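A.B. asks: The structure file run-v3.pdb (PDB, C-alpha atoms, pLDDT in the B column) is provided below.
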```
ATOM      1  CA  MET I1010       8.436 -19.066 -12.505  1.00 95.00           C
ATOM      2  CA  LYS I1011       8.603 -15.722 -10.741  1.00 98.00           C
ATOM      3  CA  LYS I1012       6.562 -14.884  -7.643  1.00 98.00           C
ATOM      4  CA  VAL I1013       5.724 -11.462  -6.205  1.00 98.00           C
ATOM      5  CA  VAL I1014       3.774 -11.121  -2.969  1.00 98.00           C
ATOM      6  CA  LEU I1015       2.155  -7.785  -2.229  1.00 98.00           C
ATOM      7  CA  ILE I1016       1.101  -7.054   1.328  1.00 98.00           C
ATOM      8  CA  ARG I1017      -0.570  -3.961   2.691  1.00 98.00           C
ATOM      9  CA  HIS I1018       0.714  -3.006   6.144  1.00 98.00           C
ATOM     10  CA  GLY I1019      -1.112  -4.214   9.238  1.00 98.00           C
ATOM     11  CA  GLU I1020      -3.737  -2.036  10.866  1.00 97.00           C
ATOM     12  CA  SER I1021      -2.258   1.315  11.917  1.00 97.00           C
ATOM     13  CA  VAL I1022      -3.333   3.460  14.840  1.00 97.00           C
ATOM     14  CA  TRP I1023      -5.124   5.776  12.423  1.00 96.00           C
ATOM     15  CA  ASN I1024      -6.743   2.853  10.590  1.00 94.00           C
ATOM     16  CA  MET I1025      -8.117   1.867  13.993  1.00 94.00           C
ATOM     17  CA  GLU I1026      -9.407   5.430  14.493  1.00 95.00           C
ATOM     18  CA  ASN I1027     -10.730   5.527  10.881  1.00 92.00           C
ATOM     19  CA  ARG I1028      -8.614   8.543   9.942  1.00 94.00           C
ATOM     20  CA  PHE I1029      -7.170   9.554   6.573  1.00 94.00           C
ATOM     21  CA  THR I1030      -3.469   8.778   6.940  1.00 96.00           C
ATOM     22  CA  GLY I1031      -1.619   9.259   3.661  1.00 96.00           C
ATOM     23  CA  TRP I1032       1.988  10.262   4.271  1.00 97.00           C
ATOM     24  CA  THR I1033       1.493  10.811   8.015  1.00 96.00           C
ATOM     25  CA  ASP I1034       3.963   8.421   9.628  1.00 97.00           C
ATOM     26  CA  VAL I1035       1.758   6.678  12.191  1.00 97.00           C
ATOM     27  CA  ASP I1036       2.618   3.393  13.884  1.00 98.00           C
ATOM     28  CA  LEU I1037       0.943  -0.006  13.805  1.00 98.00           C
ATOM     29  CA  SER I1038      -1.774  -0.772  16.320  1.00 98.00           C
ATOM     30  CA  ALA I1039      -1.479  -3.860  18.511  1.00 98.00           C
ATOM     31  CA  LYS I1040      -3.907  -5.556  16.128  1.00 97.00           C
ATOM     32  CA  GLY I1041      -1.739  -4.521  13.185  1.00 98.00           C
ATOM     33  CA  VAL I1042       1.338  -6.118  14.738  1.00 98.00           C
ATOM     34  CA  GLN I1043      -0.641  -9.325  15.291  1.00 98.00           C
ATOM     35  CA  GLU I1044      -1.882  -9.242  11.682  1.00 98.00           C
ATOM     36  CA  ALA I1045       1.724  -8.999  10.482  1.00 98.00           C
ATOM     37  CA  HIS I1046       2.727 -11.977  12.635  1.00 98.00           C
ATOM     38  CA  GLU I1047      -0.141 -14.016  11.182  1.00 98.00           C
ATOM     39  CA  ALA I1048       0.836 -13.060   7.626  1.00 98.00           C
ATOM     40  CA  GLY I1049       4.431 -14.112   8.258  1.00 98.00           C
ATOM     41  CA  LYS I1050       3.330 -17.458   9.670  1.00 98.00           C
ATOM     42  CA  LEU I1051       1.085 -18.049   6.650  1.00 98.00           C
ATOM     43  CA  LEU I1052       3.854 -17.242   4.167  1.00 98.00           C
ATOM     44  CA  LYS I1053       6.251 -19.517   6.049  1.00 98.00           C
ATOM     45  CA  GLU I1054       3.691 -22.357   6.040  1.00 98.00           C
ATOM     46  CA  LYS I1055       3.338 -21.979   2.279  1.00 98.00           C
ATOM     47  CA  GLY I1056       7.073 -22.308   1.807  1.00 98.00           C
ATOM     48  CA  PHE I1057       8.029 -18.891   0.451  1.00 98.00           C
ATOM     49  CA  GLN I1058      11.750 -18.108   0.349  1.00 98.00           C
ATOM     50  CA  PHE I1059      12.085 -14.458  -0.604  1.00 98.00           C
ATOM     51  CA  ASP I1060      15.245 -13.208  -2.284  1.00 98.00           C
ATOM     52  CA  MET I1061      14.528  -9.492  -1.877  1.00 98.00           C
ATOM     53  CA  ALA I1062      11.974  -7.188  -0.271  1.00 98.00           C
ATOM     54  CA  TYR I1063      10.780  -3.652  -0.943  1.00 98.00           C
ATOM     55  CA  THR I1064       8.924  -1.210   1.263  1.00 98.00           C
ATOM     56  CA  SER I1065       8.072   2.469   1.647  1.00 98.00           C
ATOM     57  CA  TYR I1066       9.540   5.181   3.876  1.00 98.00           C
ATOM     58  CA  LEU I1067       6.600   4.892   6.311  1.00 98.00           C
ATOM     59  CA  LYS I1068       7.057   2.899   9.503  1.00 98.00           C
ATOM     60  CA  ARG I1069       3.728   1.078   9.387  1.00 98.00           C
ATOM     61  CA  ALA I1070       4.910  -0.658   6.205  1.00 98.00           C
ATOM     62  CA  ILE I1071       8.507  -1.053   7.391  1.00 98.00           C
ATOM     63  CA  LYS I1072       7.441  -2.618  10.686  1.00 98.00           C
ATOM     64  CA  THR I1073       4.978  -4.924   8.941  1.00 98.00           C
ATOM     65  CA  LEU I1074       7.766  -6.133   6.666  1.00 98.00           C
ATOM     66  CA  ASN I1075      10.132  -6.675   9.585  1.00 98.00           C
ATOM     67  CA  VAL I1076       7.564  -8.694  11.551  1.00 98.00           C
ATOM     68  CA  VAL I1077       6.695 -10.823   8.508  1.00 98.00           C
ATOM     69  CA  LEU I1078      10.355 -11.543   7.770  1.00 98.00           C
ATOM     70  CA  GLU I1079      11.074 -12.275  11.430  1.00 98.00           C
ATOM     71  CA  GLU I1080       8.279 -14.864  11.496  1.00 98.00           C
ATOM     72  CA  MET I1081       9.809 -16.409   8.376  1.00 98.00           C
ATOM     73  CA  ASP I1082      13.374 -16.275   9.746  1.00 98.00           C
ATOM     74  CA  GLN I1083      14.283 -14.187   6.695  1.00 98.00           C
ATOM     75  CA  LEU I1084      15.267 -10.874   8.281  1.00 98.00           C
ATOM     76  CA  TRP I1085      18.638 -11.252   6.610  1.00 98.00           C
ATOM     77  CA  ILE I1086      17.406 -10.716   3.038  1.00 98.00           C
ATOM     78  CA  PRO I1087      18.153  -7.395   1.262  1.00 98.00           C
ATOM     79  CA  VAL I1088      15.486  -4.700   1.677  1.00 98.00           C
ATOM     80  CA  GLU I1089      15.134  -1.578  -0.453  1.00 98.00           C
ATOM     81  CA  LYS I1090      13.062   1.363   0.762  1.00 98.00           C
ATOM     82  CA  SER I1091      11.557   3.914  -1.619  1.00 98.00           C
ATOM     83  CA  TRP I1092       9.287   6.906  -1.111  1.00 98.00           C
ATOM     84  CA  ARG I1093       7.630   5.874  -4.373  1.00 98.00           C
ATOM     85  CA  LEU I1094       5.968   3.028  -2.466  1.00 98.00           C
ATOM     86  CA  ASN I1095       4.390   5.478   0.008  1.00 98.00           C
ATOM     87  CA  GLU I1096       0.635   5.690   0.394  1.00 98.00           C
ATOM     88  CA  LYS I1097      -1.365   8.141  -1.716  1.00 97.00           C
ATOM     89  CA  HIS I1098      -1.020  11.633  -0.256  1.00 97.00           C
ATOM     90  CA  TYR I1099      -4.406  12.742   1.075  1.00 95.00           C
ATOM     91  CA  GLY I1100      -3.630  16.449   1.260  1.00 95.00           C
ATOM     92  CA  ASN I1101      -5.496  18.393   3.907  1.00 93.00           C
ATOM     93  CA  LEU I1102      -7.725  15.403   4.689  1.00 93.00           C
ATOM     94  CA  GLN I1103      -4.852  13.742   6.550  1.00 93.00           C
ATOM     95  CA  GLY I1104      -5.793  13.256  10.181  1.00 91.00           C
ATOM     96  CA  LEU I1105      -9.547  13.682   9.648  1.00 93.00           C
ATOM     97  CA  ASN I1106     -11.997  10.941  10.606  1.00 94.00           C
ATOM     98  CA  LYS I1107     -13.450   9.348   7.468  1.00 89.00           C
ATOM     99  CA  ALA I1108     -16.958   8.787   8.814  1.00 89.00           C
ATOM    100  CA  GLU I1109     -17.173  12.308  10.251  1.00 91.00           C
ATOM    101  CA  THR I1110     -15.937  13.715   6.945  1.00 93.00           C
ATOM    102  CA  ALA I1111     -18.634  11.698   5.167  1.00 90.00           C
ATOM    103  CA  GLU I1112     -21.268  13.127   7.503  1.00 91.00           C
ATOM    104  CA  LYS I1113     -20.088  16.624   6.561  1.00 89.00           C
ATOM    105  CA  TYR I1114     -19.553  16.200   2.799  1.00 88.00           C
ATOM    106  CA  GLY I1115     -21.553  13.042   1.991  1.00 91.00           C
ATOM    107  CA  ASP I1116     -20.587   9.433   1.298  1.00 88.00           C
ATOM    108  CA  ALA I1117     -20.292  10.058  -2.447  1.00 87.00           C
ATOM    109  CA  GLN I1118     -17.767  12.885  -2.082  1.00 89.00           C
ATOM    110  CA  VAL I1119     -15.632  10.947   0.384  1.00 87.00           C
ATOM    111  CA  LYS I1120     -15.652   7.921  -1.946  1.00 83.00           C
ATOM    112  CA  ILE I1121     -14.374  10.208  -4.710  1.00 86.00           C
ATOM    113  CA  TRP I1122     -11.555  11.476  -2.493  1.00 86.00           C
ATOM    114  CA  ARG I1123     -10.691   7.944  -1.318  1.00 82.00           C
ATOM    115  CA  ARG I1124     -11.128   5.883  -4.447  1.00 76.00           C
ATOM    116  CA  SER I1125     -11.583   7.922  -7.625  1.00 82.00           C
ATOM    117  CA  TYR I1126      -8.821   7.750 -10.177  1.00 91.00           C
ATOM    118  CA  ASP I1127      -8.326  11.393 -11.055  1.00 92.00           C
ATOM    119  CA  VAL I1128      -9.762  13.599  -8.263  1.00 93.00           C
ATOM    120  CA  ALA I1129      -7.362  14.707  -5.520  1.00 94.00           C
ATOM    121  CA  PRO I1130      -8.281  16.187  -2.116  1.00 93.00           C
ATOM    122  CA  ASN I1131      -7.366  19.818  -1.472  1.00 92.00           C
ATOM    123  CA  PRO I1132      -3.585  20.122  -1.060  1.00 95.00           C
ATOM    124  CA  LEU I1133      -1.611  20.941   2.044  1.00 93.00           C
ATOM    125  CA  ASP I1134      -0.381  24.493   2.191  1.00 90.00           C
ATOM    126  CA  ALA I1135       3.365  24.760   1.600  1.00 83.00           C
ATOM    127  CA  SER I1136       3.754  26.258   5.087  1.00 88.00           C
ATOM    128  CA  ASP I1137       1.998  23.291   6.722  1.00 90.00           C
ATOM    129  CA  SER I1138       4.251  21.392   9.142  1.00 88.00           C
ATOM    130  CA  ARG I1139       3.075  18.162   7.452  1.00 88.00           C
ATOM    131  CA  ASP I1140       4.676  19.203   4.153  1.00 94.00           C
ATOM    132  CA  PRO I1141       7.031  16.325   3.202  1.00 95.00           C
ATOM    133  CA  GLN I1142       9.595  18.870   2.026  1.00 93.00           C
ATOM    134  CA  GLN I1143      10.141  19.668   5.713  1.00 92.00           C
ATOM    135  CA  GLU I1144      10.817  16.042   6.714  1.00 94.00           C
ATOM    136  CA  ALA I1145      14.334  14.666   6.992  1.00 95.00           C
ATOM    137  CA  LYS I1146      13.359  11.331   5.434  1.00 96.00           C
ATOM    138  CA  TYR I1147      12.744  13.061   2.097  1.00 97.00           C
ATOM    139  CA  ALA I1148      15.879  15.235   2.099  1.00 96.00           C
ATOM    140  CA  GLY I1149      17.357  13.210  -0.766  1.00 95.00           C
ATOM    141  CA  VAL I1150      14.261  13.457  -2.959  1.00 97.00           C
ATOM    142  CA  ASP I1151      13.845  16.193  -5.565  1.00 96.00           C
ATOM    143  CA  LYS I1152      11.420  18.630  -3.942  1.00 94.00           C
ATOM    144  CA  LYS I1153       9.512  18.980  -7.202  1.00 95.00           C
ATOM    145  CA  LEU I1154       8.540  15.305  -6.904  1.00 97.00           C
ATOM    146  CA  LEU I1155       7.134  15.527  -3.381  1.00 97.00           C
ATOM    147  CA  PRO I1156       3.328  15.904  -3.377  1.00 97.00           C
ATOM    148  CA  HIS I1157       1.010  18.095  -1.312  1.00 96.00           C
ATOM    149  CA  THR I1158      -1.932  15.957  -2.428  1.00 96.00           C
ATOM    150  CA  GLU I1159      -2.533  13.161  -4.921  1.00 96.00           C
ATOM    151  CA  ALA I1160      -5.248  11.481  -6.923  1.00 96.00           C
ATOM    152  CA  LEU I1161      -4.734   7.776  -7.530  1.00 95.00           C
ATOM    153  CA  LYS I1162      -3.476   8.570 -11.034  1.00 96.00           C
ATOM    154  CA  ASP I1163      -0.618  10.541  -9.433  1.00 97.00           C
ATOM    155  CA  THR I1164       0.258   7.599  -7.189  1.00 97.00           C
ATOM    156  CA  VAL I1165       0.205   5.321 -10.226  1.00 97.00           C
ATOM    157  CA  ALA I1166       2.469   7.750 -12.094  1.00 97.00           C
ATOM    158  CA  ARG I1167       5.168   7.438  -9.420  1.00 97.00           C
ATOM    159  CA  ILE I1168       4.791   3.734  -8.643  1.00 98.00           C
ATOM    160  CA  VAL I1169       4.618   2.195 -12.140  1.00 98.00           C
ATOM    161  CA  PRO I1170       8.085   3.455 -13.206  1.00 98.00           C
ATOM    162  CA  TYR I1171       9.492   2.019  -9.964  1.00 98.00           C
ATOM    163  CA  TRP I1172       7.855  -1.309 -10.743  1.00 98.00           C
ATOM    164  CA  THR I1173       9.081  -1.400 -14.343  1.00 98.00           C
ATOM    165  CA  GLU I1174      12.548   0.078 -13.809  1.00 98.00           C
ATOM    166  CA  THR I1175      13.513  -1.421 -10.431  1.00 98.00           C
ATOM    167  CA  ILE I1176      11.390  -4.407  -9.412  1.00 98.00           C
ATOM    168  CA  VAL I1177      10.865  -6.112 -12.788  1.00 97.00           C
ATOM    169  CA  PRO I1178      14.603  -6.023 -13.652  1.00 97.00           C
ATOM    170  CA  ALA I1179      15.360  -7.511 -10.213  1.00 97.00           C
ATOM    171  CA  LEU I1180      13.132 -10.463 -11.091  1.00 96.00           C
ATOM    172  CA  LYS I1181      15.555 -11.412 -13.847  1.00 92.00           C
ATOM    173  CA  HIS I1182      17.929 -12.538 -11.109  1.00 93.00           C
ATOM    174  CA  GLN I1183      15.518 -13.374  -8.270  1.00 97.00           C
ATOM    175  CA  ASP I1184      12.559 -15.732  -8.124  1.00 97.00           C
ATOM    176  CA  GLU I1185      10.535 -14.485  -5.144  1.00 98.00           C
ATOM    177  CA  ILE I1186      10.046 -10.871  -4.069  1.00 98.00           C
ATOM    178  CA  LEU I1187       7.989  -9.390  -1.234  1.00 98.00           C
ATOM    179  CA  ILE I1188       6.576  -5.847  -1.348  1.00 98.00           C
ATOM    180  CA  ALA I1189       5.156  -4.377   1.863  1.00 98.00           C
ATOM    181  CA  ALA I1190       3.461  -1.079   1.176  1.00 98.00           C
ATOM    182  CA  HIS I1191       0.067   0.643   1.271  1.00 98.00           C
ATOM    183  CA  GLY I1192      -3.459   0.302  -0.050  1.00 95.00           C
ATOM    184  CA  ASN I1193      -3.130   2.810  -2.855  1.00 95.00           C
ATOM    185  CA  SER I1194       0.477   2.280  -3.906  1.00 97.00           C
ATOM    186  CA  LEU I1195      -0.282  -1.435  -4.176  1.00 98.00           C
ATOM    187  CA  ARG I1196      -3.518  -0.713  -6.061  1.00 96.00           C
ATOM    188  CA  GLY I1197      -1.364   1.174  -8.557  1.00 96.00           C
ATOM    189  CA  ILE I1198       0.883  -1.854  -9.068  1.00 98.00           C
ATOM    190  CA  ILE I1199      -2.117  -4.176  -9.366  1.00 98.00           C
ATOM    191  CA  LYS I1200      -3.814  -1.847 -11.848  1.00 97.00           C
ATOM    192  CA  HIS I1201      -0.709  -1.943 -14.034  1.00 97.00           C
ATOM    193  CA  ILE I1202      -0.127  -5.706 -13.788  1.00 97.00           C
ATOM    194  CA  LYS I1203      -3.737  -6.692 -14.477  1.00 97.00           C
ATOM    195  CA  GLY I1204      -4.648  -3.888 -16.874  1.00 97.00           C
ATOM    196  CA  ILE I1205      -7.540  -2.735 -14.684  1.00 97.00           C
ATOM    197  CA  SER I1206      -9.413   0.252 -16.111  1.00 96.00           C
ATOM    198  CA  ASP I1207      -9.493   3.670 -14.450  1.00 94.00           C
ATOM    199  CA  ASP I1208     -13.166   3.112 -13.612  1.00 92.00           C
ATOM    200  CA  ASP I1209     -12.848  -0.426 -12.252  1.00 93.00           C
ATOM    201  CA  ILE I1210      -9.882   0.279  -9.971  1.00 91.00           C
ATOM    202  CA  VAL I1211     -12.273   2.300  -7.784  1.00 86.00           C
ATOM    203  CA  SER I1212     -13.843  -0.969  -6.601  1.00 88.00           C
ATOM    204  CA  LEU I1213     -10.616  -2.696  -5.525  1.00 91.00           C
ATOM    205  CA  ASN I1214     -10.175  -2.636  -1.747  1.00 90.00           C
ATOM    206  CA  LEU I1215      -7.112  -4.195  -0.140  1.00 94.00           C
ATOM    207  CA  PRO I1216      -7.423  -5.478   3.433  1.00 95.00           C
ATOM    208  CA  THR I1217      -4.564  -5.016   5.877  1.00 96.00           C
ATOM    209  CA  ALA I1218      -1.833  -7.659   6.075  1.00 97.00           C
ATOM    210  CA  VAL I1219      -3.389 -10.141   3.630  1.00 97.00           C
ATOM    211  CA  PRO I1220      -0.719 -11.483   1.234  1.00 98.00           C
ATOM    212  CA  TYR I1221      -1.608 -11.179  -2.453  1.00 98.00           C
ATOM    213  CA  LEU I1222       0.388 -13.550  -4.669  1.00 98.00           C
ATOM    214  CA  PHE I1223       1.238 -12.916  -8.327  1.00 98.00           C
ATOM    215  CA  GLU I1224       2.919 -15.617 -10.404  1.00 98.00           C
ATOM    216  CA  PHE I1225       4.674 -14.818 -13.698  1.00 98.00           C
ATOM    217  CA  ASP I1226       6.533 -16.816 -16.314  1.00 97.00           C
ATOM    218  CA  ASP I1227      10.158 -15.956 -17.015  1.00 94.00           C
ATOM    219  CA  ASP I1228       9.039 -13.293 -19.513  1.00 94.00           C
ATOM    220  CA  MET I1229       6.862 -11.649 -16.842  1.00 95.00           C
ATOM    221  CA  ASN I1230       3.565 -12.725 -18.356  1.00 96.00           C
ATOM    222  CA  LEU I1231       0.995 -13.010 -15.580  1.00 98.00           C
ATOM    223  CA  LEU I1232       0.002 -16.623 -14.951  1.00 98.00           C
ATOM    224  CA  LYS I1233      -2.018 -16.406 -11.752  1.00 97.00           C
ATOM    225  CA  ASP I1234      -2.988 -14.076  -8.932  1.00 97.00           C
ATOM    226  CA  GLU I1235      -4.724 -14.865  -5.652  1.00 97.00           C
ATOM    227  CA  PHE I1236      -5.121 -13.665  -2.095  1.00 97.00           C
ATOM    228  CA  LEU I1237      -3.675 -16.104   0.422  1.00 96.00           C
ATOM    229  CA  GLY I1238      -5.968 -17.106   3.272  1.00 89.00           C
ATOM    230  CA  ASP I1239      -9.615 -17.857   3.975  1.00 89.00           C
ATOM    231  CA  PRO I1240     -11.669 -16.466   1.027  1.00 89.00           C
ATOM    232  CA  GLU I1241     -14.741 -15.674   3.149  1.00 91.00           C
ATOM    233  CA  LYS I1242     -12.672 -13.859   5.762  1.00 89.00           C
ATOM    234  CA  ILE I1243     -10.843 -11.896   3.053  1.00 91.00           C
ATOM    235  CA  LYS I1244     -14.153 -10.927   1.410  1.00 88.00           C
ATOM    236  CA  ALA I1245     -15.440  -9.590   4.737  1.00 89.00           C
ATOM    237  CA  LEU I1246     -12.235  -7.636   5.301  1.00 88.00           C
ATOM    238  CA  MET I1247     -12.518  -6.065   1.832  1.00 87.00           C
ATOM    239  CA  GLU I1248     -16.084  -4.994   2.549  1.00 87.00           C
ATOM    240  CA  ALA I1249     -14.953  -3.437   5.822  1.00 84.00           C
ATOM    241  CA  VAL I1250     -12.352  -1.369   3.960  1.00 84.00           C
ATOM    242  CA  ALA I1251     -14.989  -0.210   1.464  1.00 76.00           C
ATOM    243  CA  ASN I1252     -17.271   0.897   4.318  1.00 77.00           C
ATOM    244  CA  GLN I1253     -14.658   3.005   6.132  1.00 73.00           C
ATOM    245  CA  GLY I1254     -15.583   6.127   4.182  1.00 62.00           C
ATOM    246  CA  LYS I1255     -19.309   6.003   4.897  1.00 70.00           C
ATOM    247  CA  ALA I1256     -21.156   8.153   7.395  1.00 68.00           C
ATOM    248  CA  LYS I1257     -22.300   6.392  10.563  1.00 63.00           C
ATOM    249  CA  LYS I1258     -25.977   5.397  10.495  1.00 57.00           C
TER     250      LYS I1258
END
```
Do you think you could lay out the structure here as structure tokens?
C.D. replies:
Amino acid sequence: MKKVVLIRHGESVWNMENRFTGWTDVDLSAKGVQEAHEAGKLLKEKGFQFDMAYTSYLKRAIKTLNVVLEEMDQLWIPVEKSWRLNEKHYGNLQGLNKAETAEKYGDAQVKIWRRSYDVAPNPLDASDSRDPQQEAKYAGVDKKLLPHTEALKDTVARIVPYWTETIVPALKHQDEILIAAHGNSLRGIIKHIKGISDDDIVSLNLPTAVPYLFEFDDDMNLLKDEFLGDPEKIKALMEAVANQGKAKK
């Protein structure tokens, strides 16, 4: 049996402030660090022994992974970082407060920008200082691949090949893999694994730092998937994520 655990990073400073983050490289909040510690303790209690871990180029995911592995006394395992695991790029929405944006444009429009499959926010201008082409961390990436905005379908288009060409082959030699990434890059993986439709993926909300376990047979047929933790608490956290993009009443 093969096991893959997906975990969205702990709460970031901009999650706490309810801002669109995307590729902006913000840090974890104090709560986010604590969430990562709790996730690591839970995974240790359940007996996971990871052979390999993957994460994005963004420090909120990297730090979450490091805290989880430290709690598990598994900091020594190999870790591969890829920009393809980055969050969806939110274009010129990055940095804006979600509730305030909903007050200006309406809840429905903000839900489209946040969760729709094929509608992207307006892109960053190429001269914008937030353009990833200007960041050292992406110097080794073909500039034509670096986005100025993305719809979820664009995130899926970059993450699924990484899953199929890098992570799945690794599972031929390893039994347990941990992936610490972001709400939308992980939604892309989940969409692919479970065959979720373009319409239904809109309703999937991933809470911060809640491990999501997938079990496969040796031929990578999905046997089981489940969130690890208290189901009622996880349900409440999912609802909170869904409500982030609504105007304040």
A.B. asks: Evaluating the PyMOL selection byres ((chain I and resi 1255) around 12) on the displayed file yields which residues, as a list of chain:residue names?
C.D. replies: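 On this input, the PyMOL selection byres ((chain I and resi 1255) around 12) captures I:Asn1027, I:Asn1106, I:Lys1107, I:Ala1108, I:Glu1109, I:Thr1110, I:Ala1111, I:Glu1112, I:Lys1113, I:Tyr1114, I:Gly1115, I:Asp1116, I:Ala1117, I:Gln1118, I:Val1119, I:Lys1120, I:Ile1121, I:Arg1123, I:Glu1248, I:Ala1249, I:Val1250, I:Ala1251, I:Asn1252, I:Gln1253, I:Gly1254, I:Ala1256, I:Lys1257, I:Lys1258.
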A.B. asks: With all atoms listed in the file as the basis for distance, which of I:Asp1060, I:Asp1034, I:Glu1144, I:Glu1241 is at the shortest distance from Gly1104 of chain I?
C.D. replies: I:Asp1034
A.B. asks: With distances taken over only C-alpha atoms, which of I:Asp1140, I:Glu1089, I:Glu1096, I:Glu1159 is nearest to Leu1187 of chain I?
C.D. replies: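 Ranking I:Asp1140, I:Glu1089, I:Glu1096, I:Glu1159 by distance to Leu1187 of chain I, first place goes to I:Glu1089.
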A.B. asks: Applied to the shown file, which residues does the PyMOL selection byres ((chain I and resi 1052) around 12) return, written as a PyMOL selection string?
C.D. replies: chain I and resi 1014-1016+1045-1051+1053-1059+1076-1083+1185+1187+1218-1222+1236-1238
A.B. asks: Counting only C-alpha atoms, which of I:Arg1196, I:Arg1139, I:Lys1146, I:Lys1242 gets nearest to Lys1097 of chain I?
C.D. replies: I:Arg1196
